[in-house]
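Asker: If it helps, the file is called input.tsv and holds TSV, C-alpha atoms:
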```tsv
chain	number	residue	atom	x	y	z
A	1	MET	CA	67.66	91.27	84.09
A	2	SER	CA	69.95	88.33	83.54
A	3	ALA	CA	72.50	86.92	81.21
A	4	SER	CA	71.61	84.01	78.99
A	5	ASP	CA	70.39	81.00	80.90
A	6	SER	CA	71.30	78.63	78.10
A	7	VAL	CA	75.05	78.74	78.57
A	8	GLY	CA	76.40	78.41	82.08
A	9	PRO	CA	79.83	79.62	83.19
A	10	GLY	CA	82.58	77.04	83.17
A	11	PRO	CA	84.74	76.08	86.13
A	12	LEU	CA	88.09	77.63	86.89
A	13	ASP	CA	91.04	75.38	86.21
A	14	ASP	CA	92.63	76.15	89.56
A	15	GLY	CA	89.83	74.61	91.61
A	16	PHE	CA	87.82	77.78	92.13
A	17	GLY	CA	84.80	75.70	91.28
A	18	ASP	CA	81.68	75.95	89.17
A	19	PRO	CA	79.51	78.96	90.11
A	20	ALA	CA	76.47	77.02	88.88
A	21	ALA	CA	77.02	74.19	91.35
A	22	PRO	CA	74.61	73.84	94.31
A	23	GLY	CA	75.70	76.02	97.19
A	24	ASN	CA	77.85	78.12	94.91
A	25	ARG	CA	75.09	79.73	92.86
A	26	PRO	CA	74.90	83.55	93.07
A	27	ALA	CA	71.64	85.11	94.14
A	28	ARG	CA	71.49	87.10	90.91
A	29	LEU	CA	74.46	87.59	88.57
A	30	ALA	CA	77.95	86.22	88.99
A	31	VAL	CA	80.21	89.23	88.39
A	32	GLY	CA	83.83	89.17	87.28
A	33	VAL	CA	86.24	92.11	87.28
A	34	VAL	CA	89.10	92.25	84.78
A	35	GLY	CA	91.42	95.02	85.93
A	36	THR	CA	91.50	95.91	89.62
A	37	GLY	CA	92.65	99.51	89.30
A	38	ARG	CA	90.69	102.24	91.02
A	39	VAL	CA	87.40	101.74	89.16
A	40	GLY	CA	86.79	97.99	88.93
A	41	PRO	CA	86.77	97.04	92.61
A	42	ALA	CA	84.48	99.96	93.48
A	43	LEU	CA	81.92	99.03	90.82
A	44	GLY	CA	82.17	95.38	91.76
A	45	ALA	CA	81.52	96.28	95.40
A	46	ALA	CA	78.55	98.41	94.35
A	47	LEU	CA	77.07	95.50	92.41
A	48	GLN	CA	77.53	93.28	95.45
A	49	LEU	CA	75.60	95.76	97.55
A	50	ALA	CA	72.83	95.49	94.96
A	51	GLY	CA	72.60	91.74	95.47
A	52	HIS	CA	74.95	90.39	92.82
A	53	ARG	CA	78.10	88.42	93.71
A	54	VAL	CA	81.65	89.12	92.57
A	55	VAL	CA	83.12	85.68	91.99
A	56	ALA	CA	86.54	86.45	90.51
A	57	ALA	CA	88.86	89.31	89.64
A	58	SER	CA	92.17	89.78	87.87
A	59	GLY	CA	94.94	92.18	88.78
A	60	VAL	CA	98.66	92.30	88.17
A	61	SER	CA	100.30	94.90	90.41
A	62	ALA	CA	100.59	94.69	94.17
A	63	ALA	CA	98.56	97.90	94.47
A	64	SER	CA	95.71	96.49	92.38
A	65	ARG	CA	95.64	93.35	94.48
A	66	ARG	CA	95.49	95.42	97.67
A	67	ARG	CA	92.54	97.38	96.27
A	68	ALA	CA	90.76	94.13	95.47
A	69	GLU	CA	91.39	92.83	98.97
A	70	GLN	CA	89.98	96.01	100.51
A	71	LEU	CA	86.87	96.42	98.35
A	72	LEU	CA	86.24	92.81	97.37
A	73	PRO	CA	87.40	90.77	100.37
A	74	GLY	CA	87.54	87.04	99.78
A	75	VAL	CA	87.31	87.28	96.00
A	76	ARG	CA	89.85	85.13	94.21
A	77	ILE	CA	92.47	86.85	92.02
A	78	VAL	CA	92.86	84.78	88.86
A	79	THR	CA	93.65	85.21	85.17
A	80	PRO	CA	91.30	87.14	82.85
A	81	PRO	CA	90.11	83.96	81.04
A	82	GLN	CA	89.30	82.41	84.41
A	83	VAL	CA	87.33	85.52	85.37
A	84	LEU	CA	85.22	85.17	82.25
A	85	ALA	CA	84.72	81.45	82.84
A	86	ALA	CA	83.16	82.21	86.22
A	87	ALA	CA	81.06	85.27	85.40
A	88	ASP	CA	77.69	86.08	83.87
A	89	LEU	CA	78.61	89.78	83.86
A	90	VAL	CA	82.20	90.87	83.21
A	91	LEU	CA	83.52	94.34	84.02
A	92	LEU	CA	86.48	95.29	81.82
A	93	THR	CA	88.05	98.12	83.82
A	94	VAL	CA	91.38	98.65	82.09
A	95	PRO	CA	92.97	101.78	80.54
A	96	ASP	CA	91.39	103.07	77.33
A	97	ASP	CA	94.33	102.14	75.13
A	98	ALA	CA	94.45	98.57	76.47
A	99	LEU	CA	90.79	97.78	75.95
A	100	ALA	CA	90.75	96.76	72.27
A	101	ASP	CA	93.69	94.36	72.66
A	102	LEU	CA	92.16	92.86	75.80
A	103	VAL	CA	88.85	92.17	74.06
A	104	ALA	CA	90.58	90.69	71.02
A	105	GLY	CA	92.73	88.46	73.22
A	106	LEU	CA	89.80	87.19	75.26
A	107	VAL	CA	87.86	86.35	72.12
A	108	ALA	CA	90.88	84.66	70.54
A	109	THR	CA	91.23	82.36	73.54
A	110	GLY	CA	87.54	81.43	73.43
A	111	SER	CA	86.89	83.05	76.79
A	112	VAL	CA	83.77	84.98	75.74
A	113	ARG	CA	80.48	83.06	75.86
A	114	PRO	CA	77.17	83.70	74.10
A	115	GLY	CA	74.76	85.55	76.38
A	116	GLN	CA	77.51	86.90	78.63
A	117	LEU	CA	77.21	90.56	79.60
A	118	VAL	CA	80.51	92.27	78.74
A	119	VAL	CA	80.76	95.77	80.18
A	120	HIS	CA	83.56	98.26	79.81
A	121	THR	CA	83.90	101.52	81.74
A	122	SER	CA	85.97	103.58	79.30
A	123	GLY	CA	84.60	107.03	78.59
A	124	ALA	CA	86.46	107.26	75.30
A	125	HIS	CA	84.83	104.18	73.73
A	126	GLY	CA	81.32	103.12	72.94
A	127	VAL	CA	80.34	99.54	72.19
A	128	ALA	CA	82.22	99.34	68.87
A	129	VAL	CA	85.39	98.40	70.74
A	130	LEU	CA	83.53	95.32	71.99
A	131	GLU	CA	82.64	94.16	68.46
A	132	PRO	CA	84.80	90.99	68.61
A	133	ALA	CA	82.99	89.95	71.78
A	134	THR	CA	79.64	90.83	70.25
A	135	ARG	CA	80.38	88.59	67.28
A	136	ALA	CA	81.12	85.82	69.79
A	137	GLY	CA	77.62	86.23	71.20
A	138	ALA	CA	78.30	88.56	74.13
A	139	LEU	CA	75.94	91.35	75.14
A	140	PRO	CA	77.98	94.61	74.94
A	141	LEU	CA	77.53	97.58	77.28
A	142	ALA	CA	79.58	100.76	77.81
A	143	LEU	CA	79.01	102.25	81.27
A	144	HIS	CA	81.29	105.16	82.13
A	145	PRO	CA	81.05	106.63	85.64
A	146	ALA	CA	81.68	110.38	85.33
A	147	MET	CA	83.66	110.56	88.54
A	148	THR	CA	87.25	110.41	89.72
A	149	PHE	CA	88.06	107.35	91.82
A	150	THR	CA	90.40	106.94	94.79
A	151	GLY	CA	90.48	103.15	94.85
A	152	THR	CA	89.12	103.13	98.41
A	153	THR	CA	85.77	102.61	100.13
A	154	VAL	CA	85.16	106.36	99.80
A	155	ASP	CA	84.20	105.69	96.18
A	156	LEU	CA	81.13	103.68	97.16
A	157	ALA	CA	79.51	106.69	98.81
A	158	ARG	CA	80.44	108.91	95.87
A	159	LEU	CA	78.65	106.58	93.45
A	160	ALA	CA	75.32	107.69	94.93
A	161	GLY	CA	73.84	109.90	92.23
A	162	CYS	CA	76.94	109.66	90.05
A	163	PRO	CA	76.14	110.17	86.35
A	164	PHE	CA	77.12	107.29	84.05
A	165	GLY	CA	77.57	107.74	80.32
A	166	VAL	CA	75.58	104.79	78.90
A	167	THR	CA	76.02	103.40	75.39
A	168	ALA	CA	74.52	100.09	74.28
A	169	PRO	CA	72.53	98.48	71.50
A	170	GLU	CA	68.98	99.82	71.76
A	171	GLU	CA	67.59	96.45	72.85
A	172	LEU	CA	70.05	96.37	75.76
A	173	ARG	CA	69.46	99.93	76.89
A	174	PRO	CA	67.07	98.91	79.72
A	175	VAL	CA	69.64	96.41	81.02
A	176	ALA	CA	72.44	98.98	80.91
A	177	GLU	CA	70.41	101.64	82.66
A	178	ALA	CA	69.18	99.20	85.30
A	179	LEU	CA	72.75	98.20	86.16
A	180	VAL	CA	73.71	101.85	86.59
A	181	VAL	CA	70.76	102.43	88.90
A	182	GLU	CA	71.69	99.34	90.91
A	183	MET	CA	75.17	100.78	91.43
A	184	GLY	CA	73.59	103.97	92.77
A	185	GLY	CA	74.24	106.01	89.64
A	186	GLU	CA	72.16	108.06	87.22
A	187	PRO	CA	72.21	106.87	83.58
A	188	GLU	CA	72.88	109.44	80.86
A	189	TRP	CA	72.35	108.06	77.35
A	190	VAL	CA	75.28	108.79	74.99
A	191	PRO	CA	74.86	107.68	71.35
A	192	GLU	CA	77.76	105.72	69.90
A	193	GLY	CA	78.75	108.38	67.37
A	194	VAL	CA	79.31	111.13	69.94
A	195	ARG	CA	81.07	109.04	72.56
A	196	PRO	CA	84.52	110.54	71.74
A	197	LEU	CA	83.12	114.09	72.00
A	198	TYR	CA	81.43	113.22	75.29
A	199	HIS	CA	84.71	112.01	76.74
A	200	THR	CA	86.64	114.99	75.39
A	201	ALA	CA	84.25	117.34	77.18
A	202	LEU	CA	84.68	115.54	80.51
A	203	ALA	CA	88.46	115.35	80.23
A	204	HIS	CA	88.76	118.99	79.20
A	205	GLY	CA	86.65	120.11	82.14
A	206	ALA	CA	87.86	117.83	84.92
A	207	ASN	CA	91.51	117.18	84.05
A	208	HIS	CA	92.35	120.74	83.06
A	209	LEU	CA	90.52	122.06	86.11
A	210	VAL	CA	92.96	120.14	88.30
A	211	THR	CA	95.88	121.74	86.46
A	212	LEU	CA	94.34	125.20	86.76
A	213	VAL	CA	93.66	124.85	90.48
A	214	SER	CA	97.14	123.45	91.12
A	215	GLN	CA	98.69	126.45	89.36
A	216	ALA	CA	96.61	128.85	91.44
A	217	LEU	CA	97.68	127.06	94.63
A	218	GLU	CA	101.31	127.30	93.56
A	219	LEU	CA	101.04	131.05	92.99
A	220	LEU	CA	99.39	131.63	96.36
A	221	ARG	CA	102.11	129.65	98.13
A	222	THR	CA	104.70	131.80	96.35
A	223	ALA	CA	102.78	134.85	97.58
A	224	GLY	CA	103.20	133.58	101.15
A	225	VAL	CA	99.69	132.24	101.78
A	226	ALA	CA	100.07	129.45	104.31
A	227	GLU	CA	96.81	127.65	103.48
A	228	PRO	CA	95.99	128.44	99.85
A	229	GLY	CA	93.29	125.82	99.65
A	230	ARG	CA	91.38	127.50	102.43
A	231	LEU	CA	91.51	130.78	100.53
A	232	LEU	CA	90.63	129.34	97.14
A	233	GLY	CA	87.95	126.87	98.23
A	234	PRO	CA	84.98	129.22	98.68
A	235	LEU	CA	85.88	131.25	95.58
A	236	LEU	CA	86.28	128.24	93.31
A	237	GLY	CA	83.22	126.54	94.74
A	238	ALA	CA	81.10	129.60	93.99
A	239	ALA	CA	82.62	129.98	90.51
A	240	LEU	CA	81.91	126.34	89.67
A	241	ASP	CA	78.35	126.53	90.95
A	242	ASN	CA	77.67	129.78	89.08
A	243	SER	CA	79.16	128.50	85.82
A	244	LEU	CA	77.17	125.26	85.95
A	245	ARG	CA	74.00	127.27	86.52
A	246	SER	CA	74.60	130.22	84.20
A	247	GLY	CA	77.34	129.36	81.71
A	248	ASP	CA	79.07	132.41	80.22
A	249	ALA	CA	76.82	134.73	82.24
A	250	ALA	CA	78.92	133.74	85.27
A	251	LEU	CA	82.11	135.27	83.82
A	252	THR	CA	83.74	137.73	86.22
A	253	GLY	CA	87.20	139.22	86.76
A	254	PRO	CA	89.44	141.56	84.77
A	255	VAL	CA	88.98	139.89	81.39
A	256	ALA	CA	85.19	139.93	81.69
A	257	ARG	CA	85.41	143.62	82.66
A	258	GLY	CA	87.82	144.50	79.86
A	259	ASP	CA	90.58	145.57	82.28
A	260	ALA	CA	93.55	145.21	79.94
A	261	GLY	CA	95.86	147.04	82.35
A	262	THR	CA	95.19	144.54	85.12
A	263	VAL	CA	95.82	141.65	82.74
A	264	ARG	CA	99.16	143.21	81.74
A	265	ARG	CA	100.17	143.46	85.41
A	266	HIS	CA	99.17	139.82	85.96
A	267	LEU	CA	101.41	138.72	83.12
A	268	ALA	CA	104.29	140.76	84.50
A	269	GLN	CA	103.93	139.06	87.87
A	270	LEU	CA	103.69	135.61	86.36
A	271	SER	CA	106.86	136.10	84.31
A	272	THR	CA	108.84	136.52	87.55
A	273	VAL	CA	107.57	133.44	89.40
A	274	SER	CA	106.77	130.66	86.93
A	275	PRO	CA	108.17	129.33	83.65
A	276	ASP	CA	104.96	127.60	82.50
A	277	ILE	CA	101.94	129.32	84.07
A	278	PRO	CA	102.10	132.46	81.85
A	279	ALA	CA	101.33	130.42	78.74
A	280	ALA	CA	98.33	128.82	80.43
A	281	TYR	CA	97.12	132.21	81.66
A	282	ARG	CA	97.38	133.71	78.17
A	283	ALA	CA	95.52	130.80	76.57
A	284	MET	CA	92.69	130.86	79.11
A	285	ALA	CA	92.44	134.66	79.04
A	286	ARG	CA	92.16	134.65	75.24
A	287	ALA	CA	89.39	132.05	75.39
A	288	THR	CA	87.66	134.02	78.16
A	289	ALA	CA	87.86	137.26	76.17
A	290	GLN	CA	86.34	135.58	73.12
A	291	ARG	CA	83.50	134.10	75.15
A	292	ALA	CA	82.90	137.41	76.95
A	293	LEU	CA	82.70	139.19	73.60
A	294	ALA	CA	80.29	136.61	72.15
A	295	HIS	CA	78.12	136.87	75.28
A	296	GLY	CA	78.08	140.67	75.16
A	297	THR	CA	79.91	141.12	78.46
A	298	ILE	CA	82.59	143.26	76.75
A	299	ASP	CA	82.57	145.17	73.47
A	300	GLU	CA	84.84	144.72	70.48
A	301	ALA	CA	87.18	147.54	71.51
A	302	SER	CA	87.72	146.04	74.96
A	303	ALA	CA	88.28	142.59	73.46
A	304	ALA	CA	90.81	143.98	71.00
A	305	ALA	CA	92.70	145.76	73.80
A	306	LEU	CA	92.81	142.55	75.82
A	307	LEU	CA	94.04	140.50	72.88
A	308	ASP	CA	96.73	143.09	72.16
A	309	VAL	CA	98.05	142.68	75.70
A	310	LEU	CA	97.84	138.89	75.56
A	311	ASN	CA	99.71	138.79	72.25
A	312	GLU	CA	102.57	141.01	73.45
A	313	GLU	CA	106.00	139.41	73.55
A	314	ASN	CA	107.04	138.16	76.97
```
When written as structure tokens, how does the structure in this file appear?
Answerer:
Amino acid sequence: MSASDSVGPGPLDDGFGDPAAPGNRPARLAVGVVGTGRVGPALGAALQLAGHRVVAASGVSAASRRRAEQLLPGVRIVTPPQVLAAADLVLLTVPDDALADLVAGLVATGSVRPGQLVVHTSGAHGVAVLEPATRAGALPLALHPAMTFTGTTVDLARLAGCPFGVTAPEELRPVAEALVVEMGGEPEWVPEGVRPLYHTALAHGANHLVTLVSQALELLRTAGVAEPGRLLGPLLGAALDNSLRSGDAALTGPVARGDAGTVRRHLAQLSTVSPDIPAAYRAMARATAQRALAHGTIDEASAAALLDVLNEEN
């Protein structure tokens, strides 16, 4: 696996040097990281552990530069065009909404070279967002690690076995999957057309789970529980494990039992302690009731009684 051998990376204008020069040649691929937020430095460090060499990175904020120093010690912080000039493989690890403009800008400045591997890590995009770079001769890959990152060395251990959503032209699929394996991950092929749905599923599950758990912690603190995480941990861990194994068959609790009276009492309690949690409870309980009905856990009469309670005025 390698980038094109016909076009070598150019030198950095600030004296960083030519990576192709004797004594400065990487063992495998010269890697550049554009965007040193939480993801880029961790993936760069993982590629270094696999035998590649991170030769340059770009970051703007003080926090991003500190992350680069911690995870990529000794790597020069330069401009994005300089990163591309030095690298055979470029990681574009910037926010989703910034990616298209970044790619267009790099192409407009002539920074993208034929045969260069250009990889982004956005879950929301496939390789279409890299089309300007592809037209310039780059080899486009979309590698999305399905994990939350801390921006610390902890992330390197978490990459072991981490699923990556992989999208690439068919001829580059082996290269994309090999890079994921080298970083310690497990490739999961995601066709271009369903990439937005793939990302929606992950965001709905992971991001909204954080909100749900935070609300539960808040309620337990209000109830006087000193260590709510200690109380919730085993319950939520079991619920997550059961739902991943069994789907809707894992539904439990008052909604899954059709206990409309208990749900009414829950809503009464919530109205006294929180301005926003009742709406979230009602929305999730409605969805749970509908899924329980479809799964056969409750009958139509029980579902109707639950929905009547959930639709009552506050």
Asker: Mind checking which residues fall within 8 Å of segment 245-255 of chain A, counting all atoms listed in the file, ignoring those fewer than 3 positions away in the same chain, and posting them as a list in words?
Answerer: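 Residues meeting the cut-off are Ala239, Asp241, Asn242, Gly258, Asp259, Ala260, Thr262, Val263, Ala285, Thr288, Ala289, Arg291, Ala292, His295 and Leu306 of chain A.
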Asker: Env of Leu236 of chain A: 12 Å cut, atoms = only C-alpha atoms, seq-sep filter 4 positions within chain, self excluded. Answer as a PyMOL selection string.
Answerer: chain A and resi 209-210+212-213+216-217+228-232+240-243
Asker: Based on the selection just made, write C-alpha atoms of those residues as a PDB file, keeping the file's coordinate frame.
Answerer:
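out11.pdb, freshly written:
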```pdb
ATOM      1  CA  LEU A 209      90.520 122.060  86.110  1.00  0.00           C
ATOM      2  CA  VAL A 210      92.960 120.140  88.300  1.00  0.00           C
ATOM      3  CA  LEU A 212      94.340 125.200  86.760  1.00  0.00           C
ATOM      4  CA  VAL A 213      93.660 124.850  90.480  1.00  0.00           C
ATOM      5  CA  ALA A 216      96.610 128.850  91.440  1.00  0.00           C
ATOM      6  CA  LEU A 217      97.680 127.060  94.630  1.00  0.00           C
ATOM      7  CA  PRO A 228      95.990 128.440  99.850  1.00  0.00           C
ATOM      8  CA  GLY A 229      93.290 125.820  99.650  1.00  0.00           C
ATOM      9  CA  ARG A 230      91.380 127.500 102.430  1.00  0.00           C
ATOM     10  CA  LEU A 231      91.510 130.780 100.530  1.00  0.00           C
ATOM     11  CA  LEU A 232      90.630 129.340  97.140  1.00  0.00           C
ATOM     12  CA  LEU A 240      81.910 126.340  89.670  1.00  0.00           C
ATOM     13  CA  ASP A 241      78.350 126.530  90.950  1.00  0.00           C
ATOM     14  CA  ASN A 242      77.670 129.780  89.080  1.00  0.00           C
ATOM     15  CA  SER A 243      79.160 128.500  85.820  1.00  0.00           C
TER      16      SER A 243
END
```
Asker: With 12 Å as the threshold, what does the neighbourhood of (101.8, 131.4, 82.8) contain in terms of residues, counting all atoms listed in the file? Coordinates are those of the file; answer as a ChimeraX atom specification.
Answerer: /A:211-212,215-216,218-219,263,266-285,310,314
Asker: Name the closest residue to Asn207 of chain A among the candidates A:Val118, A:Asp88, A:Met147, A:Arg195; distances are taken between atoms, counting only C-alpha atoms.
Answerer: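 With only C-alpha atoms as the atom set, the closest residue is A:Met147.
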Asker: Restricting the calculation to all atoms listed in the file: of A:Ala238, A:Ala178, A:Val129, A:Arg264, which residue gets closest to Ala50 of chain A?
Answerer: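 Smallest separation from Ala50 of chain A among the options: A:Ala178.
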Asker: So which residues are close to (75.0, 100.9, 85.2), meaning at most 9 Å away in the file's coordinates with only C-alpha atoms counted, and can you show them as a PyMOL selection string?
Answerer: chain A and resi 141-145+164-166+175-187
Asker: Point out the residue among A:Ala45, A:Ala223, A:Ala304, A:Leu89 with the least atom-to-atom distance to Leu72 of chain A, counting all atoms listed in the file.
Answerer: A:Ala45
Asker: As an exercise, work out the distance from atom CA of Leu220 of chain A to atom CA of Ala206 of chain A in Å and give it to one decimal place.
Answerer: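 Between atom CA of Leu220 of chain A and atom CA of Ala206 of chain A the gap is 21.3 Å.
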